[in-house]
$ cat query_31.cif   # mmCIF, C-alpha atoms and all ligand atoms
data_entry
loop_
_atom_site.label_atom_id
_atom_site.label_comp_id
_atom_site.auth_asym_id
_atom_site.auth_seq_id
_atom_site.Cartn_x
_atom_site.Cartn_y
_atom_site.Cartn_z
CA MET A 8 155.26 86.89 6.83
CA GLU A 9 158.48 88.82 6.45
CA LYS A 10 160.62 90.71 8.86
CA GLU A 11 162.15 94.09 8.17
CA GLY A 12 165.89 94.37 7.74
CA THR A 13 168.47 97.12 7.89
CA ASN A 14 168.31 99.61 5.04
CA GLU A 15 167.94 103.19 3.85
CA LYS A 16 171.09 104.72 5.35
CA GLN A 17 172.22 105.44 1.82
CA ASN A 18 168.99 107.22 1.01
CA CYS A 19 169.25 109.30 4.15
CA SER A 20 172.75 110.41 3.15
CA ILE A 21 171.49 111.26 -0.32
CA TYR A 22 168.75 113.25 1.32
CA VAL A 23 171.14 115.15 3.59
CA ILE A 24 173.35 116.05 0.62
CA THR A 25 170.31 117.22 -1.33
CA ARG A 26 169.23 119.22 1.67
CA TYR A 27 172.39 121.27 1.64
CA CYS A 28 172.65 121.54 -2.14
CA ASN A 29 169.13 122.78 -2.51
CA ARG A 30 167.26 123.65 0.64
CA VAL A 31 163.90 123.73 -1.04
CA SER A 32 164.64 120.47 -2.70
CA ASP A 33 162.26 119.10 -5.30
CA PHE A 34 163.10 115.60 -3.98
CA TYR A 35 163.55 114.26 -7.48
CA GLY A 36 167.27 113.72 -6.91
CA TYR A 37 166.75 110.35 -5.29
CA LYS A 38 167.83 107.14 -6.84
CA LYS A 39 165.15 104.83 -5.51
CA SER A 40 162.37 103.54 -7.69
CA SER A 41 158.86 104.86 -7.34
CA SER A 42 157.58 102.20 -5.03
CA GLN A 43 159.47 99.76 -2.92
CA ASN A 44 159.04 96.89 -0.54
CA GLU A 45 161.95 97.73 1.68
CA GLY A 46 164.09 95.45 3.76
CA THR A 47 165.72 92.11 3.92
CA PRO A 48 163.07 89.46 4.02
CA ASN A 49 163.38 86.78 6.68
CA SER A 50 160.91 84.21 7.80
CA MET A 51 158.86 85.33 10.73
CA ASN A 52 158.97 83.34 13.90
CA THR A 53 156.08 81.13 14.87
CA THR A 54 154.78 83.48 17.53
CA ALA A 55 154.39 86.27 15.02
CA GLN A 56 152.68 83.96 12.55
CA GLN A 57 150.26 82.88 15.25
CA GLN A 58 149.69 86.50 16.12
CA THR A 59 148.87 87.29 12.53
CA GLN A 60 146.34 84.49 12.41
CA LYS A 61 144.76 85.97 15.52
CA SER A 62 144.80 89.36 13.86
CA LYS A 63 142.93 88.01 10.84
CA SER A 64 140.18 86.50 12.93
CA GLY A 65 139.95 89.09 15.70
CA GLY A 66 138.17 92.43 15.11
CA LYS A 67 140.90 94.35 16.92
CA GLY A 68 143.73 92.82 14.90
CA ALA A 69 145.30 95.85 13.29
CA LEU A 70 145.65 99.50 14.13
CA VAL A 71 146.81 101.88 11.42
CA VAL A 72 148.49 104.95 12.89
CA TYR A 73 149.48 107.67 10.46
CA PHE A 74 150.35 111.29 9.87
CA SER A 75 149.71 112.92 6.51
CA ARG A 76 149.15 116.37 5.03
CA ARG A 77 147.21 117.65 2.07
CA GLU A 78 148.96 121.01 2.19
CA ALA A 79 152.60 121.66 1.39
CA ALA A 80 153.33 117.95 1.11
CA SER A 81 156.27 118.59 -1.23
CA SER A 82 157.66 121.26 -3.53
CA VAL A 83 156.41 118.99 -6.33
CA TYR A 84 152.86 120.30 -5.81
CA LYS A 85 153.76 124.01 -5.93
CA ASP A 86 151.67 124.65 -2.81
CA GLN A 87 148.49 123.30 -4.37
CA PRO A 88 146.75 121.17 -1.73
CA LEU A 89 146.29 117.50 -2.54
CA GLU A 90 142.83 116.02 -2.66
CA ILE A 91 143.91 113.63 0.10
CA GLY A 92 147.31 113.27 1.77
CA ASN A 93 149.49 110.67 0.06
CA THR A 94 150.18 108.69 3.20
CA LYS A 95 146.55 108.91 4.24
CA LYS A 96 145.57 107.33 0.92
CA MET A 97 147.89 104.41 1.68
CA ALA A 98 146.66 104.19 5.27
CA LEU A 99 143.02 103.93 4.23
CA PHE A 100 143.79 101.02 1.89
CA ILE A 101 145.71 99.31 4.69
CA ARG A 102 142.78 99.77 7.03
CA GLU A 103 140.38 98.42 4.41
CA LYS A 104 142.40 95.29 3.67
CA THR A 105 143.22 94.51 7.32
CA GLN A 106 139.74 95.48 8.51
CA GLY A 107 141.54 97.30 11.25
CA ASP A 108 141.10 100.59 13.05
CA GLU A 109 142.80 103.86 12.26
CA PHE A 110 144.32 106.62 14.34
CA GLU A 111 145.31 109.74 12.45
CA LEU A 112 147.90 111.91 14.18
CA LEU A 113 146.37 115.37 13.83
CA PRO A 114 148.71 118.09 15.08
CA VAL A 115 147.50 120.53 17.70
CA LYS A 116 149.60 123.27 16.16
CA ASP A 117 149.00 124.54 12.64
CA TYR A 118 151.71 123.87 10.07
CA PRO A 119 152.14 126.43 7.27
CA ASN A 120 150.38 125.82 3.96
CA ASN A 121 153.55 126.57 2.11
CA PHE A 122 156.23 123.97 1.43
CA LYS A 123 159.25 126.15 2.15
CA LYS A 124 157.88 127.27 5.52
CA THR A 125 156.73 123.75 6.42
CA SER A 126 160.19 122.54 5.57
CA ASP A 127 161.77 125.05 7.91
CA VAL A 128 159.40 124.22 10.76
CA ALA A 129 159.97 120.50 10.28
CA GLN A 130 163.71 120.98 10.28
CA GLU A 131 163.59 123.06 13.43
CA GLU A 132 161.46 120.44 15.18
CA GLN A 133 163.96 117.80 14.20
CA ASN A 134 167.00 119.84 15.25
CA ASN A 135 165.39 120.54 18.64
CA ASN A 136 164.18 116.95 19.02
CA GLU A 137 160.69 118.32 19.66
CA ARG A 138 157.60 116.26 20.46
CA PRO A 139 154.68 118.12 18.84
CA LYS A 140 151.34 117.29 20.45
CA PHE A 141 148.54 115.51 18.59
CA LYS A 142 144.81 115.89 19.11
CA GLY A 143 142.60 113.38 20.89
CA SER A 144 143.42 110.60 23.27
CA LEU A 145 145.74 107.72 22.67
CA PRO A 146 144.19 104.51 21.38
CA ASP A 147 144.55 101.51 23.69
CA VAL A 148 147.29 99.76 21.76
CA SER A 149 147.19 96.74 24.06
CA GLN A 150 144.07 95.60 22.17
CA TYR A 151 145.91 95.22 18.89
CA VAL A 152 148.19 92.52 17.56
CA THR A 153 149.68 94.56 14.74
CA ILE A 154 150.34 98.28 14.56
CA PHE A 155 151.08 99.92 11.21
CA ILE A 156 152.89 103.25 11.58
CA GLY A 157 153.09 105.46 8.50
CA ALA A 158 154.04 109.00 7.58
CA PRO A 159 155.64 111.09 4.86
CA VAL A 160 159.41 111.06 5.20
CA TRP A 161 160.45 114.45 6.57
CA TRP A 162 164.14 115.22 6.40
CA GLY A 163 165.05 111.55 6.31
CA ASP A 164 163.03 110.62 9.40
CA TYR A 165 159.52 110.16 10.73
CA PRO A 166 157.99 113.62 11.32
CA MET A 167 158.51 114.48 15.00
CA ILE A 168 154.79 114.10 15.78
CA VAL A 169 155.20 110.39 15.05
CA HIS A 170 158.01 110.30 17.61
CA THR A 171 155.53 111.81 20.09
CA PHE A 172 153.28 108.82 19.44
CA LEU A 173 156.15 106.33 19.60
CA ASP A 174 157.21 107.75 22.96
CA SER A 175 153.67 107.44 24.30
CA VAL A 176 153.17 103.71 23.74
CA ASN A 177 155.01 100.48 24.39
CA LEU A 178 154.80 98.20 21.37
CA ASP A 179 157.14 95.49 22.60
CA GLY A 180 155.65 92.10 21.76
CA LYS A 181 153.54 93.53 18.92
CA ASN A 182 153.93 93.24 15.17
CA VAL A 183 154.99 96.72 14.10
CA VAL A 184 154.94 97.67 10.43
CA PRO A 185 156.37 100.87 8.89
CA PHE A 186 155.02 102.50 5.76
CA SER A 187 155.82 105.76 4.06
CA THR A 188 155.38 108.04 1.14
CA HIS A 189 158.40 110.04 0.05
CA GLU A 190 160.17 111.66 -2.88
CA GLY A 191 163.21 109.44 -2.94
CA SER A 192 164.07 108.34 0.61
CA GLY A 193 161.96 105.19 0.57
CA LEU A 194 161.33 104.04 4.14
CA ALA A 195 164.26 106.19 5.33
CA ASN A 196 165.22 105.14 8.89
CA TYR A 197 161.74 103.93 9.87
CA PRO A 198 162.56 100.24 10.47
CA GLU A 199 165.61 101.16 12.53
CA VAL A 200 163.67 103.72 14.57
CA LEU A 201 161.02 101.11 15.40
CA LYS A 202 163.55 98.41 16.23
CA ARG A 203 165.49 100.75 18.47
CA LYS A 204 162.38 101.97 20.23
CA TYR A 205 160.79 98.53 20.70
CA PRO A 206 163.54 95.91 20.80
CA LYS A 207 161.03 93.20 21.66
CA ALA A 208 158.62 93.98 18.82
CA ASN A 209 158.48 92.11 15.53
CA VAL A 210 159.26 94.81 13.02
CA LEU A 211 157.84 93.51 9.77
CA LYS A 212 158.56 94.34 6.17
CA GLY A 213 157.39 97.84 5.34
CA LEU A 214 156.16 99.53 2.20
CA ALA A 215 157.26 102.85 0.72
CA ILE A 216 155.60 104.50 -2.27
CA ARG A 217 156.67 107.69 -3.98
CA GLY A 218 154.20 110.38 -3.01
CA SER A 219 153.92 112.01 -6.42
CA ASP A 220 153.11 108.60 -7.91
CA VAL A 221 150.27 108.35 -5.41
CA ALA A 222 149.07 111.92 -6.03
CA TYR A 223 149.17 111.67 -9.81
CA SER A 224 147.86 108.08 -9.87
CA ARG A 225 150.98 106.80 -11.59
CA VAL A 226 150.74 103.67 -9.48
CA ASN A 227 147.78 101.64 -8.33
CA VAL A 228 148.11 102.22 -4.61
CA LYS A 229 145.44 99.70 -3.65
CA GLU A 230 147.12 96.98 -5.71
CA GLU A 231 150.54 97.72 -4.21
CA VAL A 232 149.16 97.77 -0.68
CA ASP A 233 147.15 94.58 -1.18
CA GLU A 234 150.12 92.73 -2.66
CA TRP A 235 152.35 93.79 0.21
CA LEU A 236 149.74 92.83 2.81
CA ASP A 237 149.22 89.48 1.10
CA GLY A 238 152.94 88.92 1.71
CA LEU A 239 152.41 89.71 5.38
CA GLY A 240 149.71 87.07 5.59
CA TYR A 241 146.55 89.17 5.27
C1 LIG A 301 158.99 119.07 5.53
C2 LIG A 301 159.15 118.03 4.46
C3 LIG A 301 160.30 117.26 4.41
C4 LIG A 301 160.44 116.26 3.47
N1 LIG A 301 161.56 115.49 3.49
C5 LIG A 301 161.68 114.47 2.60
C6 LIG A 301 162.79 113.59 2.67
O1 LIG A 301 163.65 113.68 3.53
N2 LIG A 301 162.89 112.63 1.74
C7 LIG A 301 161.93 112.44 0.79
O2 LIG A 301 162.07 111.52 0.01
N3 LIG A 301 160.84 113.22 0.73
C8 LIG A 301 160.68 114.22 1.61
N4 LIG A 301 159.55 115.01 1.59
C9 LIG A 301 158.46 114.70 0.63
C10 LIG A 301 157.29 113.94 1.30
O3 LIG A 301 157.75 112.83 2.04
C11 LIG A 301 156.29 113.43 0.25
O4 LIG A 301 155.86 114.49 -0.56
C12 LIG A 301 155.08 112.72 0.88
O5 LIG A 301 154.43 111.96 -0.10
C13 LIG A 301 154.06 113.66 1.50
O6 LIG A 301 153.06 112.84 2.08
P1 LIG A 301 151.72 113.35 2.71
O7 LIG A 301 150.85 113.87 1.62
O8 LIG A 301 151.12 112.13 3.34
O9 LIG A 301 152.02 114.38 3.75
C14 LIG A 301 159.40 116.03 2.52
C15 LIG A 301 158.26 116.83 2.54
C16 LIG A 301 158.12 117.82 3.51
C17 LIG A 301 156.86 118.65 3.57
#

$ encode --input "query_31.cif" --output "structure tokens"
Amino acid sequence: MEKEGTNEKQNCSIYVITRYCNRVSDFYGYKKSSSQNEGTPNSMNTTAQQQTQKSKSGGKGALVVYFSRREAASSVYKDQPLEIGNTKKMALFIREKTQGDEFELLPVKDYPNNFKKTSDVAQEEQNNNERPKFKGSLPDVSQYVTIFIGAPVWWGDYPMIVHTFLDSVNLDGKNVVPFSTHEGSGLANYPEVLKRKYPKANVLKGLAIRGSDVAYSRVNVKEEVDEWLDGLGY
């Protein structure tokens, strides 16, 4: 079981530079490899290991929370909708391997089906520190030992709807695991966001996969997810 370390500041800066150089960035300017297990591995403490054991045996071990879009996911797709959102694809493999539950963050408001417009909306939400609402009622997170929280990187951060979720729950004492798809930013600031938000949580080693590699099947997503989860003790 491995704990997440500090990382990704460099990628965020690269992203911010790209953002100003080319507002409708094609996200191919990033230096990171197509898929990455981010972070500085450390041994997990005993409590977390025990918790993972519990998670493997208990039906309510893992909850996979994610946000993902088929439409306007990147300029890479030239506004052609994906068959399934990149992050959703990852999330479903995580759910399968952990035999956990899923909670998809479905926005109440409609986002545009065009990348440029989506980009503008996302940027505005971020600049205004908005908390976009999601549909449905919150899952009872107290039932779960481990919460996976994944999303596409949007402007170097979790999309603001994920912040709405993070603000709505207290995950202190839980295993919390970030995952992302992206076009160069890797896990961006996800581990730091989670650590800051839940100082008493065990933030474990996350996984980032390049979205276009997922969409165009250039990587075996199931294999990457399974290998990563094996490393987390699943
Ligand atoms: C509004 C917006 C902002 C994005 N910002 C970034 C970014 O900062 N860094 C990055 O690497 N990719 C960025 N991307 C690309 C997405 O993270 C990537 O295409 C992802 O795989 C989409 O996942 P999804 O299909 O689950 O929504 C952005 C995409 C959108 C739509």

$ residues_near_ligand --input "query_31.cif" --ligand "ligand LIG 301 (chain A)" --cutoff "6 Å" --atoms "all atoms listed in the file" --output "PyMOL selection string"
chain A and resi 22+34+75-77+79-81+92-95+122+125-126+129+159-163+188-192+218

$ closest_atom_pairs --input "query_31.cif" --of "stretch 157-214 of chain A" --to "stretch 97-117 of chain A" --cutoff "9 Å" --atoms "all atoms listed in the file" --output "Markdown table"
| residue | atom | partner | partner_atom | distance |
| --- | --- | --- | --- | --- |
| A:Gly157 | CA | A:Ala98 | CA | 7.3 |
| A:Ile168 | CA | A:Pro114 | CA | 7.3 |
| A:Val169 | CA | A:Leu112 | CA | 7.5 |
| A:Phe172 | CA | A:Leu112 | CA | 8.1 |
| A:Phe186 | CA | A:Met97 | CA | 8.4 |
| A:Ser187 | CA | A:Met97 | CA | 8.4 |
| A:Thr188 | CA | A:Met97 | CA | 8.3 |

$ atom_distance --input "query_31.cif" --atom1 "atom CA of A:Arg203" --atom2 "atom CA of A:Gly240"
24.5 Å

$ atom_distance --input "query_31.cif" --atom1 "atom CA of A:Arg138" --atom2 "atom CA of A:Ile216"
25.7 Å

$ closest_residue --input "query_31.cif" --among "A:Pro185, A:Pro198, A:Gly193, A:Gly68" --to "A:Ile156" --atoms "only C-alpha atoms"
A:Pro185

$ closest_residue --input "query_31.cif" --among "A:Ala215, A:Leu178, A:Val152, A:Met167" --to "A:Gln130" --atoms "all atoms listed in the file"
A:Met167

$ residues_around --input "query_31.cif" --residues "A:Glu78" --least-positions-apart "5" --cutoff "9 Å" --atoms "all atoms listed in the file" --output "list of chain:residue names"
A:Tyr84, A:Asp86, A:Gln87, A:Pro88, A:Leu89, A:Gly92, A:Tyr118, A:Pro119, A:Asn120, A:Asn121, A:Phe122

$ write_last_selection --input "query_31.cif" --atoms "C-alpha atoms" --output "PDB file, in the coordinates of the input"
ATOM      1  CA  TYR A  84     152.860 120.300  -5.810  1.00  0.00           C
ATOM      2  CA  ASP A  86     151.670 124.650  -2.810  1.00  0.00           C
ATOM      3  CA  GLN A  87     148.490 123.300  -4.370  1.00  0.00           C
ATOM      4  CA  PRO A  88     146.750 121.170  -1.730  1.00  0.00           C
ATOM      5  CA  LEU A  89     146.290 117.500  -2.540  1.00  0.00           C
ATOM      6  CA  GLY A  92     147.310 113.270   1.770  1.00  0.00           C
ATOM      7  CA  TYR A 118     151.710 123.870  10.070  1.00  0.00           C
ATOM      8  CA  PRO A 119     152.140 126.430   7.270  1.00  0.00           C
ATOM      9  CA  ASN A 120     150.380 125.820   3.960  1.00  0.00           C
ATOM     10  CA  ASN A 121     153.550 126.570   2.110  1.00  0.00           C
ATOM     11  CA  PHE A 122     156.230 123.970   1.430  1.00  0.00           C
TER      12      PHE A 122
END

$ axis_aligned_box --input "query_31.cif" --around "stretch 130-149 of chain A" --padding-each-side "3 Å" --output "AutoDock Vina command-line options"
--center_x 154.8 --center_y 109.9 --center_z 17.2 --size_x 30.4 --size_y 32.3 --size_z 19.8

$ closest_residue --input "query_31.cif" --among "A:Glu90, A:Glu234, A:Leu145, A:Asp164" --to "A:Val176" --atoms "all atoms listed in the file"
A:Leu145

$ residues_near_point --input "query_31.cif" --point "(152.3, 95.9, 15.2)" --cutoff "12 Å" --atoms "all atoms listed in the file" --output "JSON, numbers by chain"
{"A": [10, 55, 58, 59, 62, 67, 68, 69, 70, 71, 72, 107, 148, 149, 150, 151, 152, 153, 154, 155, 156, 157, 173, 176, 177, 178, 179, 180, 181, 182, 183, 184, 185, 186, 201, 202, 205, 207, 208, 209, 210, 211, 212, 213, 239]}

$ atom_distance --input "query_31.cif" --atom1 "atom CA of A:Glu199" --atom2 "atom CA of A:Asn136"
17.1 Å
